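So the structure is just underneath, and the comments pick up after that.
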Amino acid sequence: MNSEIIYKYFPDLSEHQHEQIEALGTLYSDWNAKINVISRKDIDNLYENHVLHSLVLAKFLGELRSGTTFLDMGTGGGFPGVPLAIIYPDCQFHLLDRIGKKVRVAQEISEAIGLKNVTFQHGDIGECRNRYDYVVSRAVMSLDALVPLIVKNIAKKQPGNRYGNGLVCLKGGDLAEEISGVKYPVVEFPVTEFISEPHFEEKFVIYVPI
């Protein structure tokens with residue numbers, strides 16, 4: 001596992017953030033041996049395929065106002081929420097997943113690296129009624145199904161960030177059919193605008209202002 005790819009794109013991390021990023025490799029490997037939250041074949045590619053993939057959203061969002069809030073819907077073992085919480089220590093993250101054992105992994109890893117800005121919920125999106133500035137996810141379902149579920153979770157008050165409140169997620173492939181079923185504006189940004197690695201070709205940051 002090579003963590004250096006993270007510092008290629010995030011060269012200004014603090015020593016503490018650096019330590020947290022480094023710890024993810026061992027922690028996810030150990031937990032994945034007990035509870036399969038990442039494909040066993042893919043665990044060696046943790047930093048590029050999961051950590052950096054999550055942090056594409058940080059490259060898109062840029063600097064955020066202190067106190068900005070996030071809901072990570074379908075976080076699984078903590079992606080994109082855990083890496084984003086490392087990058088944005090002054091923002092708040094609520095990680096939600098329907099599979100309890102995956103939520104436990106995300107919680108245990110967050111505690112192990114000393115994240116103070118994350119909370120967790122084992123449940124369905126219908127059970128989460130709080131509002132957040134952004135909902136983030138990694139391809140948990142098609143956009144036309146996802147957007148109606150999370151509208152209720154987007155805060156009305158805008159925090160003054162570069163992008164207004166809404167959904168920010170990562171998707172791949174031809175999204176035309178999914179996008180056509182969404183009643184809100186949908187903006188696609190090729191991931192290669194932010195990350196110049198072959199693995200990220202034909203992947204997109206999707207932004208839906210709500």
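Convention: chains lettered A, B, ... in structure tokens order; per-chain residue numbering from 1; ligands numbered from 1 as shown.
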Practice problem: Mind the document's chain letters and residue numbers, and return as a ChimeraX atom specification the residues of range 32-204 of chain A that DSSP labels helix (DSSP H, G or I). | Solution: /A:32-34,43-61,81-87,100-112,125-127,143-153,176-180,191-193,198-200
Exercise. Within 9 Å of range 133-144 of chain A, counting only C-alpha atoms, which residues show up once you throw out same-chain ones fewer than 2 positions away? Write them as a PyMOL selection string, please.
Key: chain A and resi 53-54+57+68-75+79-81+131+146-148+150+153-159+164-172+175+177-183
Practice problem: Within 12 Å of Thr192 in chain A, counting only C-alpha atoms, which residues show up once you throw out same-chain ones fewer than 3 positions away? Write them as a PyMOL selection string, please. | Solution: chain A and resi 53+56+59-60+188-189+195-205
Exercise. Give me the residues within 8 Å of range 26-41 of chain A as a ChimeraX atom specification, counting only C-alpha atoms and dropping any in the same chain fewer than 6 places off.
Key: /A:76-77,101-102,105,109
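Interatomic distance, CA of Val186 in chain A to CA of Lys152 in chain A: 17.5 Å.
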Can you tell me, as a PDB file with C-alpha atoms, in the first residue's frame, what residues are no more than 7 Å from Leu55 in chain A when counting only C-alpha atoms, ignoring any on the same chain fewer than 4 positions away?
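around-v8.pdb was written with the following content:
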ATOM      1  CA  VAL A  51      -8.780   7.101   0.324  1.00  0.00           C
ATOM      2  CA  LYS A  59     -10.374  18.710  -4.305  1.00  0.00           C
ATOM      3  CA  PRO A  83     -10.829  10.584   4.798  1.00  0.00           C
ATOM      4  CA  LEU A  84     -12.871  13.778   4.409  1.00  0.00           C
TER       5      LEU A  84
END
Quiz item: Which neighbours of Val82 in chain A fall inside 8 Å, counting only C-alpha atoms, when residues of the same chain fewer than 6 positions from it are skipped, and could you give them as a ChimeraX atom specification?
Solution: /A:106,110,118
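In this structure, CA of Leu115 in chain A sits 13.0 Å away from CA of His18 in chain A.
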